[in-house]
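K.L.:
Input structure: final-v3.csv, which contains CSV, C-alpha atoms.
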chain,number,residue,atom,x,y,z
O,1,MET,CA,43.3,-4.7,-2.2
O,2,THR,CA,46.9,-4.4,-0.8
O,3,LYS,CA,48.1,-3.6,-4.3
O,4,ALA,CA,45.4,-1.0,-4.9
O,5,LEU,CA,46.2,0.7,-1.6
O,6,SER,CA,49.9,0.7,-2.5
O,7,ILE,CA,49.1,2.4,-5.8
O,8,ALA,CA,47.0,5.0,-4.0
O,9,TRP,CA,49.7,5.7,-1.5
O,10,ILE,CA,52.3,6.2,-4.2
O,11,ASN,CA,50.0,8.7,-6.0
O,12,LEU,CA,49.6,10.7,-2.7
O,13,VAL,CA,53.4,10.6,-2.0
O,14,ARG,CA,54.1,11.7,-5.6
O,15,ILE,CA,52.0,14.9,-5.4
O,16,LEU,CA,53.3,15.8,-1.9
O,17,ARG,CA,56.9,15.5,-3.2
O,18,ASP,CA,56.1,18.0,-6.0
O,19,ARG,CA,57.0,21.4,-4.5
O,20,THR,CA,54.7,23.3,-6.8
O,21,ALA,CA,51.7,21.0,-6.0
O,22,ALA,CA,52.5,21.1,-2.3
O,23,PHE,CA,52.5,24.9,-2.4
O,24,PHE,CA,49.0,25.0,-4.0
O,25,MET,CA,47.7,22.4,-1.5
O,26,VAL,CA,49.2,23.6,1.7
O,27,VAL,CA,50.1,27.3,1.4
O,28,PHE,CA,48.0,29.0,-1.3
O,29,PRO,CA,44.5,28.1,0.0
O,30,PHE,CA,45.2,29.7,3.4
O,31,ALA,CA,46.7,32.8,1.9
O,32,ILE,CA,43.4,33.3,0.0
O,33,ILE,CA,41.3,32.5,3.0
O,34,LEU,CA,43.3,35.0,5.1
O,35,THR,CA,42.9,37.7,2.4
O,36,ILE,CA,39.2,37.2,2.0
O,37,GLY,CA,38.6,37.0,5.8
O,38,SER,CA,40.6,40.2,6.4
O,39,VAL,CA,38.9,42.2,3.7
O,40,PHE,CA,35.3,40.8,3.7
O,41,GLY,CA,35.0,39.0,7.0
O,42,ALA,CA,32.8,40.0,9.9
O,43,ALA,CA,35.7,41.5,11.9
O,44,PHE,CA,36.5,44.0,9.1
O,45,THR,CA,36.4,47.6,10.5
O,46,PRO,CA,36.0,50.4,7.9
O,47,VAL,CA,38.4,53.3,8.2
O,48,VAL,CA,36.8,56.8,8.3
O,49,GLY,CA,39.2,59.6,7.6
O,50,VAL,CA,38.6,62.9,9.3
O,51,VAL,CA,39.8,66.4,8.5
O,52,ALA,CA,39.1,68.7,11.5
O,53,GLY,CA,40.3,71.9,13.1
O,54,ASP,CA,41.6,72.3,16.6
O,55,ASP,CA,38.5,74.1,18.0
O,56,PRO,CA,36.7,72.5,21.0
O,57,PHE,CA,33.6,71.2,19.2
O,58,ALA,CA,35.6,69.7,16.4
O,59,ARG,CA,37.8,67.9,18.9
O,60,ASP,CA,34.8,66.6,20.7
O,61,LEU,CA,33.2,65.3,17.5
O,62,VAL,CA,36.4,63.5,16.6
O,63,ALA,CA,36.7,62.0,20.1
O,64,ARG,CA,33.1,60.7,19.8
O,65,LEU,CA,33.8,59.1,16.5
O,66,ASP,CA,37.0,57.5,17.8
O,67,ALA,CA,35.1,56.0,20.7
O,68,THR,CA,32.4,54.5,18.5
O,69,ASP,CA,32.4,50.8,17.7
O,70,GLY,CA,32.2,49.8,14.1
O,71,ILE,CA,34.6,52.3,12.6
O,72,ALA,CA,38.3,53.2,12.9
O,73,VAL,CA,39.1,56.9,12.7
O,74,ARG,CA,42.2,58.2,10.9
O,75,ALA,CA,43.2,61.9,10.9
O,76,PHE,CA,44.1,63.8,7.7
O,77,GLU,CA,45.6,67.3,7.4
O,78,GLU,CA,43.8,68.4,4.2
O,79,ARG,CA,40.7,67.7,2.3
O,80,ALA,CA,42.5,66.8,-0.9
O,81,THR,CA,44.6,64.2,1.0
O,82,LEU,CA,41.5,62.7,2.5
O,83,VAL,CA,39.7,62.5,-0.9
O,84,SER,CA,42.8,60.9,-2.5
O,85,ALA,CA,42.9,58.3,0.3
O,86,VAL,CA,39.3,57.4,-0.2
O,87,GLU,CA,39.8,57.1,-4.0
O,88,ARG,CA,42.8,54.8,-3.5
O,89,GLY,CA,41.0,52.7,-0.9
O,90,GLU,CA,43.2,53.7,2.0
O,91,ALA,CA,40.0,54.8,3.8
O,92,GLU,CA,36.4,53.7,3.1
O,93,ALA,CA,35.0,57.2,3.7
O,94,GLY,CA,35.9,60.6,5.0
O,95,LEU,CA,34.3,63.4,7.1
O,96,ILE,CA,35.3,67.0,6.8
O,97,VAL,CA,34.7,69.4,9.7
O,98,PRO,CA,35.2,72.9,8.4
O,99,ASP,CA,37.3,75.6,10.1
O,100,GLY,CA,35.4,77.7,12.6
O,101,TYR,CA,33.1,74.9,13.5
O,102,THR,CA,32.8,76.0,17.2
O,103,ASP,CA,32.3,79.7,16.4
O,104,ALA,CA,29.6,78.9,13.8
O,105,ILE,CA,27.6,76.7,16.3
O,106,ARG,CA,27.9,79.3,19.0
O,107,ALA,CA,26.5,81.9,16.6
O,108,GLY,CA,23.5,79.7,15.9
O,109,GLU,CA,24.5,78.9,12.3
O,110,THR,CA,23.8,75.6,10.5
O,111,VAL,CA,27.1,73.9,9.6
O,112,GLU,CA,27.5,71.4,6.8
O,113,LEU,CA,29.8,68.4,7.3
O,114,PRO,CA,30.8,67.0,3.9
O,115,TYR,CA,31.0,63.2,3.7
O,116,VAL,CA,33.0,61.5,0.9
O,117,ALA,CA,32.9,57.8,0.0
O,118,ARG,CA,33.2,55.6,-3.1
O,119,PRO,CA,30.0,54.7,-4.9
O,120,ALA,CA,30.6,51.0,-4.2
O,121,GLY,CA,31.8,49.6,-0.9
O,122,VAL,CA,31.1,50.0,2.8
O,123,GLY,CA,31.3,53.8,2.9
O,124,ALA,CA,27.5,54.0,2.7
O,125,ASP,CA,27.2,51.7,5.8
O,126,ALA,CA,29.8,53.7,7.7
O,127,ARG,CA,27.8,56.9,6.9
O,128,LEU,CA,25.0,55.6,9.1
O,129,ILE,CA,27.4,55.3,12.1
O,130,VAL,CA,29.0,58.7,11.4
O,131,ALA,CA,25.6,60.3,11.1
O,132,ALA,CA,24.5,58.9,14.4
O,133,VAL,CA,27.5,60.3,16.2
O,134,VAL,CA,27.0,63.7,14.6
O,135,ASP,CA,23.3,63.6,15.6
O,136,GLU,CA,24.3,62.8,19.2
O,137,GLN,CA,26.5,65.9,19.4
O,138,SER,CA,23.9,68.0,17.5
O,139,ILE,CA,21.2,67.1,20.1
O,140,GLU,CA,23.4,68.4,22.9
O,141,LEU,CA,24.3,71.5,21.1
O,142,ARG,CA,20.7,72.3,20.1
O,143,ALA,CA,19.5,71.7,23.6
O,144,ALA,CA,22.2,74.0,25.0
O,145,ARG,CA,21.3,76.7,22.4
O,146,PHE,CA,17.6,76.5,23.3
O,147,ALA,CA,18.4,76.7,27.1
O,148,SER,CA,20.7,79.6,26.6
O,149,GLN,CA,18.1,81.6,24.6
O,150,GLU,CA,15.1,80.7,26.8
O,151,ARG,CA,16.8,81.1,30.2
O,152,ARG,CA,19.3,83.7,29.1
O,153,VAL,CA,22.3,81.9,30.5
O,154,ALA,CA,25.8,81.5,29.0
O,155,PHE,CA,26.0,79.0,26.2
O,156,ALA,CA,28.9,77.1,28.0
O,157,ASP,CA,26.7,76.7,31.2
O,158,ALA,CA,23.8,75.5,29.2
O,159,LEU,CA,26.0,73.0,27.3
O,160,ALA,CA,27.4,71.7,30.5
O,161,GLU,CA,23.9,71.2,31.9
O,162,ALA,CA,22.8,69.4,28.6
O,163,GLN,CA,25.7,67.1,28.8
O,164,ASP,CA,24.8,66.2,32.4
O,165,VAL,CA,21.2,65.5,31.5
O,166,MET,CA,21.9,63.4,28.4
O,167,PRO,CA,23.0,60.2,30.2
O,168,THR,CA,19.7,60.3,32.2
O,169,ILE,CA,17.5,60.2,29.1
O,170,GLN,CA,16.1,56.8,28.2
O,171,ARG,CA,17.5,55.5,24.9
O,172,VAL,CA,16.3,53.1,22.3
O,173,GLU,CA,18.8,50.3,21.6
O,174,VAL,CA,18.7,48.3,18.4
O,175,ALA,CA,20.1,44.8,18.4
O,176,ALA,CA,21.0,43.2,15.1
O,177,THR,CA,21.1,39.4,14.6
O,178,SER,CA,21.7,37.2,11.6
O,179,ALA,CA,18.6,35.6,10.3
O,180,GLY,CA,18.4,31.9,10.4
O,181,GLY,CA,21.1,31.2,13.0
O,182,SER,CA,24.4,32.4,14.5
O,183,SER,CA,26.5,35.1,12.9
O,184,VAL,CA,29.3,34.1,10.5
O,185,ARG,CA,32.7,35.0,11.9
O,186,GLN,CA,35.6,36.6,10.1
O,187,PHE,CA,37.3,33.7,8.3
O,188,ASP,CA,34.1,31.5,8.0
O,189,TYR,CA,33.2,33.7,5.1
O,190,GLY,CA,35.5,32.1,2.5
O,191,ALA,CA,36.8,28.9,4.2
O,192,ALA,CA,34.0,26.6,2.8
O,193,GLN,CA,34.1,28.1,-0.7
O,194,GLU,CA,37.9,27.8,-0.9
O,195,LEU,CA,37.7,24.2,0.3
O,196,ILE,CA,35.4,23.3,-2.5
O,197,LEU,CA,37.5,25.3,-5.0
O,198,PHE,CA,40.8,23.8,-4.1
O,199,VAL,CA,39.6,20.2,-3.8
O,200,PHE,CA,38.5,20.5,-7.4
O,201,ILE,CA,41.6,22.4,-8.6
O,202,VAL,CA,44.0,19.8,-7.0
O,203,SER,CA,41.9,16.9,-8.1
O,204,LEU,CA,41.6,17.9,-11.8
O,205,SER,CA,45.2,19.0,-12.0
O,206,ALA,CA,46.3,15.7,-10.5
O,207,SER,CA,44.6,14.0,-13.5
O,208,SER,CA,47.9,14.7,-15.4
O,209,MET,CA,49.6,12.2,-13.2
O,210,LEU,CA,47.3,9.5,-14.5
O,211,ILE,CA,48.1,10.5,-18.1
O,212,GLU,CA,51.8,10.5,-17.3
O,213,SER,CA,51.7,7.0,-15.9
O,214,ARG,CA,50.0,5.8,-19.0
O,215,ARG,CA,52.3,7.6,-21.3
O,216,LEU,CA,55.4,6.2,-19.6
O,217,GLY,CA,54.0,2.7,-19.7
O,218,VAL,CA,53.8,2.3,-15.9
O,219,SER,CA,50.2,1.0,-16.2
O,220,ARG,CA,51.1,-1.5,-18.9
O,221,ARG,CA,54.0,-2.8,-16.9
O,222,MET,CA,51.7,-3.3,-13.9
O,223,LEU,CA,49.4,-5.3,-16.1
O,224,SER,CA,52.4,-7.5,-17.1
O,225,THR,CA,52.7,-8.5,-13.4
O,226,PRO,CA,50.1,-10.6,-11.6
O,227,THR,CA,48.0,-7.5,-11.2
O,228,ALA,CA,44.4,-7.4,-12.6
O,229,ALA,CA,43.1,-4.4,-14.5
O,230,ARG,CA,40.5,-3.8,-11.9
O,231,THR,CA,43.2,-3.5,-9.2
O,232,ILE,CA,44.9,-0.8,-11.2
O,233,VAL,CA,41.6,1.0,-11.7
O,234,VAL,CA,40.7,0.8,-8.0
O,235,GLY,CA,44.3,1.9,-7.0
O,236,GLU,CA,44.3,4.9,-9.3
O,237,THR,CA,40.8,5.9,-8.2
O,238,LEU,CA,41.8,5.6,-4.5
O,239,GLY,CA,44.9,7.6,-5.3
O,240,ARG,CA,42.9,10.5,-6.7
O,241,PHE,CA,40.5,10.2,-3.8
O,242,ALA,CA,43.3,10.3,-1.3
O,243,ILE,CA,44.7,13.5,-2.9
O,244,ALA,CA,41.3,15.2,-2.9
O,245,LEU,CA,40.5,14.1,0.7
O,246,PHE,CA,43.9,15.2,1.9
O,247,GLN,CA,43.3,18.7,0.5
O,248,GLY,CA,39.9,18.9,2.1
O,249,VAL,CA,41.0,17.7,5.5
O,250,VAL,CA,44.0,20.0,5.6
O,251,ILE,CA,41.9,23.0,4.9
O,252,VAL,CA,39.3,22.1,7.6
O,253,VAL,CA,42.0,21.3,10.3
O,254,VAL,CA,44.3,24.3,9.6
O,255,THR,CA,41.4,26.9,9.3
O,256,ALA,CA,40.0,25.6,12.6
O,257,LEU,CA,43.3,25.8,14.4
O,258,LEU,CA,44.8,29.0,12.9
O,259,PHE,CA,41.7,31.0,12.0
O,260,GLY,CA,39.2,29.8,14.5
O,261,VAL,CA,36.7,28.6,11.8
O,262,ASP,CA,33.8,26.7,13.4
O,263,TRP,CA,32.9,23.9,11.0
O,264,GLY,CA,29.9,22.8,13.1
O,265,ASP,CA,28.8,19.2,13.3
O,266,PRO,CA,32.0,17.1,12.6
O,267,VAL,CA,29.9,14.2,11.2
O,268,ALA,CA,28.0,16.4,8.8
O,269,THR,CA,31.1,18.4,7.7
O,270,GLY,CA,33.1,15.2,7.3
O,271,ALA,CA,30.4,13.7,5.1
O,272,VAL,CA,30.3,16.7,2.9
O,273,VAL,CA,34.1,16.8,2.5
O,274,VAL,CA,34.1,13.1,1.6
O,275,ALA,CA,31.3,13.7,-0.9
O,276,ILE,CA,33.2,16.6,-2.5
O,277,ALA,CA,36.4,14.5,-2.6
O,278,ALA,CA,34.5,11.7,-4.3
O,279,VAL,CA,33.1,14.1,-7.0
O,280,GLY,CA,36.6,15.5,-7.6
O,281,THR,CA,37.9,12.0,-7.9
O,282,GLY,CA,35.4,11.1,-10.5
O,283,ALA,CA,36.1,14.2,-12.5
O,284,ALA,CA,39.9,13.7,-12.3
O,285,MET,CA,39.6,10.0,-13.4
O,286,LEU,CA,37.4,11.1,-16.3
O,287,MET,CA,39.8,13.7,-17.5
O,288,GLY,CA,42.8,11.4,-17.1
O,289,SER,CA,41.0,8.8,-19.2
O,290,VAL,CA,39.9,11.1,-22.0
O,291,LEU,CA,42.9,13.4,-22.5
O,292,GLU,CA,46.2,12.4,-24.0
O,293,ASN,CA,48.6,15.2,-22.9
O,294,ALA,CA,49.5,15.7,-19.2
O,295,ASN,CA,50.2,19.5,-19.7
O,296,GLN,CA,46.9,19.9,-21.3
O,297,ALA,CA,45.2,18.1,-18.5
O,298,GLY,CA,46.9,20.3,-15.9
O,299,SER,CA,45.9,23.5,-17.7
O,300,LEU,CA,42.3,22.4,-18.4
O,301,GLY,CA,41.9,21.2,-14.9
O,302,VAL,CA,42.6,24.6,-13.5
O,303,PHE,CA,40.4,26.2,-16.1
O,304,PHE,CA,37.4,24.0,-15.6
O,305,SER,CA,37.8,24.3,-11.8
O,306,LEU,CA,37.7,28.1,-11.9
O,307,VAL,CA,34.7,28.1,-14.3
O,308,LEU,CA,32.7,25.7,-12.2
O,309,ALA,CA,33.7,27.5,-9.0
O,310,ALA,CA,32.5,30.8,-10.5
O,311,LEU,CA,29.2,29.3,-11.7
O,312,GLY,CA,28.7,27.3,-8.6
O,313,GLY,CA,29.0,30.2,-6.1
O,314,CYS,CA,32.6,29.7,-4.8
O,315,MET,CA,33.7,33.2,-5.9
O,316,VAL,CA,30.4,35.2,-5.6
O,317,PRO,CA,27.8,34.2,-3.0
O,318,LEU,CA,24.8,32.4,-4.5
O,319,GLU,CA,22.5,34.8,-2.6
O,320,VAL,CA,23.4,37.6,-5.1
O,321,PHE,CA,22.7,35.5,-8.1
O,322,PRO,CA,19.4,36.2,-9.9
O,323,GLY,CA,16.8,33.4,-9.9
O,324,THR,CA,17.7,31.9,-13.2
O,325,MET,CA,21.5,32.0,-12.5
O,326,ARG,CA,20.9,30.4,-9.1
O,327,THR,CA,19.0,27.6,-10.7
O,328,LEU,CA,21.8,27.2,-13.3
O,329,ALA,CA,24.4,27.2,-10.6
O,330,HIS,CA,22.9,24.0,-9.2
O,331,VAL,CA,23.9,22.2,-12.3
O,332,THR,CA,27.3,22.1,-10.7
O,333,PRO,CA,28.2,20.1,-7.6
O,334,HIS,CA,29.8,23.2,-6.1
O,335,ALA,CA,26.4,24.8,-5.4
O,336,TRP,CA,25.1,21.8,-3.7
O,337,ALA,CA,28.2,21.6,-1.5
O,338,ILE,CA,28.0,25.3,-0.7
O,339,ASP,CA,24.3,24.9,0.3
O,340,ALA,CA,25.3,22.0,2.6
O,341,PHE,CA,28.0,24.1,4.3
O,342,GLY,CA,25.6,27.0,4.6
O,343,GLU,CA,23.3,24.7,6.6
O,344,ILE,CA,26.1,23.4,8.8
O,345,LEU,CA,28.1,26.6,9.4
O,346,GLY,CA,25.3,29.2,9.3
O,347,ASP,CA,22.4,27.3,10.9
O,348,GLY,CA,24.3,24.7,13.0
O,349,ALA,CA,22.5,21.9,11.1
O,350,GLY,CA,23.5,18.2,11.5
O,351,LEU,CA,23.8,15.3,9.1
O,352,ARG,CA,20.1,14.8,8.6
O,353,ALA,CA,19.6,18.4,7.2
O,354,VAL,CA,22.2,17.9,4.5
O,355,LEU,CA,21.2,14.4,3.4
O,356,PRO,CA,19.6,15.8,0.2
O,357,ASN,CA,22.8,17.6,-0.7
O,358,LEU,CA,24.8,14.5,0.0
O,359,GLY,CA,22.5,12.5,-2.2
O,360,VAL,CA,23.0,14.8,-5.1
O,361,LEU,CA,26.8,14.9,-4.6
O,362,SER,CA,26.9,11.1,-4.4
O,363,LEU,CA,25.0,10.9,-7.7
O,364,TYR,CA,27.5,13.2,-9.3
O,365,ALA,CA,30.4,11.0,-7.9
O,366,ALA,CA,28.8,7.7,-8.9
O,367,THR,CA,28.1,8.9,-12.5
O,368,LEU,CA,31.5,10.3,-13.0
O,369,LEU,CA,33.3,7.3,-11.5
O,370,ALA,CA,31.2,4.8,-13.5
O,371,LEU,CA,32.0,6.6,-16.8
O,372,ALA,CA,35.7,7.1,-15.9
O,373,THR,CA,36.1,3.4,-14.9
O,374,VAL,CA,34.8,2.2,-18.2
O,375,LEU,CA,37.0,4.6,-20.2
O,376,PHE,CA,40.1,4.0,-18.1
O,377,ARG,CA,39.7,0.2,-18.3
O,378,ARG,CA,39.5,0.5,-22.1
O,379,ARG,CA,42.7,2.5,-22.1
O,380,LEU,CA,44.5,-0.1,-20.1
O,381,THR,CA,43.4,-3.1,-22.1
O,382,ALA,CA,43.5,-1.5,-25.6
For the structure just supplied, provide its representation as structure tokens.
P.N.:
Amino acid sequence: MTKALSIAWINLVRILRDRTAAFFMVVFPFAIILTIGSVFGAAFTPVVGVVAGDDPFARDLVARLDATDGIAVRAFEERATLVSAVERGEAEAGLIVPDGYTDAIRAGETVELPYVARPAGVGADARLIVAAVVDEQSIELRAARFASQERRVAFADALAEAQDVMPTIQRVEVAATSAGGSSVRQFDYGAAQELILFVFIVSLSASSMLIESRRLGVSRRMLSTPTAARTIVVGETLGRFAIALFQGVVIVVVTALLFGVDWGDPVATGAVVVAIAAVGTGAAMLMGSVLENANQAGSLGVFFSLVLAALGGCMVPLEVFPGTMRTLAHVTPHAWAIDAFGEILGDGAGLRAVLPNLGVLSLYAATLLALATVLFRRRLTA
């Protein structure tokens, strides 16, 4: 067992000394998690551009928008500039307040406020917020106009009275909560998916080390010493497992410390990470036993990892998959791991709730490891 652990340790040290591999294990995953969290996370605030004149009611509307939670207001000088910014993604949407806004309202006219947004994106959601703010101002202005006409007082006096009365009117508040549990925070969105993705990328890419050791005769030279074939098989397997587990643990620890990701029950999360690492180990050992070329193994490892990640829901949430595709996704271990993390991170579940997922992942790992052990042992003794 000491020899097997030594082989495993050497494999882990080898990959950590490789600067390229170390970059993909330690730096690249967090750059992706940071990007996904910043763009799609719960803390994302859409930017709404505004083109407005300098008249009083236009300034009031912009001030109301700026004080509203859920959007960030950015001023633009011209309509063409605003539309161009929305098209380029610099702003999610835009509101145009025409010149003479105050005079038109005082004259009793209906004023149209053009709203621009891209067909896809959060512009449609931001429109609801903007419309609510516009309606709030519109209620005060209509009330002031009505009071001015009925009581024959100056519009400014009627507006001041309406603004005084508005805070006393009972309002209906709508509270939104996430179904099934607590809300997912900003960087929780992609941390679990990227953990699964990179455990498999690193594991399958590391299968090239197994081929290289065989090509250089390292494995045969170990056999010429008082080292049994099973010791080499166990050592190489533990080496792949150490690499995969190291990748998973690093992502969990760093995202928790730097990004505040709440991984939930540590026992349940740890069990899922170990299960994913075991599956990645089995896949890496199988590739390393079947393929002959180390460069080929590295390229195919990345390719297969990305394909399985896309199919298994690591790139697009499983919730948006149609029924047939969601069923097909569960042919991959990725989907079962994502479901497990969904229970832990989203619903606060413990180990018992994810036991079925762990059972499926363990079956994947056992099947892959059994097949890889037979093939790798044949390679050693052939």
K.L.:
List the neighbours of stretch 17-28 of chain O out to 10 Å using all atoms listed in the file; skip same-chain residues closer than 5 positions along the sequence, and give me the result as a PyMOL selection string.
P.N.:
chain O and resi 12+33-34+198-199+201-202+205-206+243-244+246-248+250-251+254
K.L.:
Counting all atoms listed in the file, what is within 10 Å of O:Val316, bar same-chain residues fewer than 6 positions away, as a ChimeraX atom specification?
P.N.:
/O:193,309-310
K.L.:
So how far away is atom CA of O:Phe241 from atom CA of O:Ala277, in Å?
P.N.:
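Going from atom CA of O:Ala277 over to atom CA of O:Phe241, I get 6.1 Å.
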K.L.:
Which of these residues is nearest to O:Ala80, using only C-alpha atoms: O:Val51, O:Val233, O:Gly100, O:Glu343?
P.N.:
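For O:Ala80, the nearest of the given residues is O:Val51.
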K.L.:
Could you state the separation of atom CA of O:Ser138 and atom CA of O:Gly70 in Å, given to one decimal place?
P.N.:
20.3 Å
K.L.:
Which value, in Å to one decimal, gives the distance between atom CA of O:Leu65 and atom CA of O:Ala104?
P.N.:
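Here the two named atoms are 20.4 Å from each other.
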K.L.:
Report as an MDAnalysis selection string all protein, DNA and RNA residues lying within 9 Å of O:Pro333, evaluated on only C-alpha atoms, omitting residues in the same chain fewer than 5 positions from it.
P.N.:
chainID O and resid 276 279 308 312 338 360:361 364
K.L.:
Write out as a list in words the residues lying within 12 Å of stretch 317-324 of chain O, counting all atoms listed in the file and excluding same-chain residues fewer than 2 positions away.
P.N.:
Tyr189, Gly190, Ala192, Gln193, Ala309, Ala310, Leu311, Gly312, Gly313, Cys314, Met315, Arg326, Thr327, Leu328, Ala329, His330, Val331, His334, Ala335, Trp336, Ala337, Ile338, Asp339 and Gly342 of chain O
K.L.:
For O:Glu78, work out the shell of residues within 12 Å, counting all atoms listed in the file and skipping chain neighbours fewer than 6 positions away, then give it as a JSON list (two decimals) with C-alpha atoms, in the frame of the given file.
P.N.:
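selection-v1.json was written with the following content:
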[["chain", "number", "residue", "atom", "x", "y", "z"],
["O", 49, "GLY", "CA", 39.20, 59.60, 7.60],
["O", 50, "VAL", "CA", 38.60, 62.90, 9.30],
["O", 51, "VAL", "CA", 39.80, 66.40, 8.50],
["O", 52, "ALA", "CA", 39.10, 68.70, 11.50],
["O", 53, "GLY", "CA", 40.30, 71.90, 13.10],
["O", 84, "SER", "CA", 42.80, 60.90, -2.50],
["O", 85, "ALA", "CA", 42.90, 58.30, 0.30],
["O", 94, "GLY", "CA", 35.90, 60.60, 5.00],
["O", 95, "LEU", "CA", 34.30, 63.40, 7.10],
["O", 96, "ILE", "CA", 35.30, 67.00, 6.80],
["O", 97, "VAL", "CA", 34.70, 69.40, 9.70],
["O", 98, "PRO", "CA", 35.20, 72.90, 8.40],
["O", 99, "ASP", "CA", 37.30, 75.60, 10.10]]
K.L.:
Choose the residue, out of O:Leu61, O:Val130, O:Met222, O:Ala144, that has the smallest atom-to-atom separation from O:Gly108; count only C-alpha atoms.
P.N.:
O:Ala144
K.L.:
Using all atoms listed in the file, which of O:Ile129, O:Leu216, O:Ala93, O:Pro29 sits nearest O:Glu292?
P.N.:
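With all atoms listed in the file as the atom set, the closest residue is O:Leu216.
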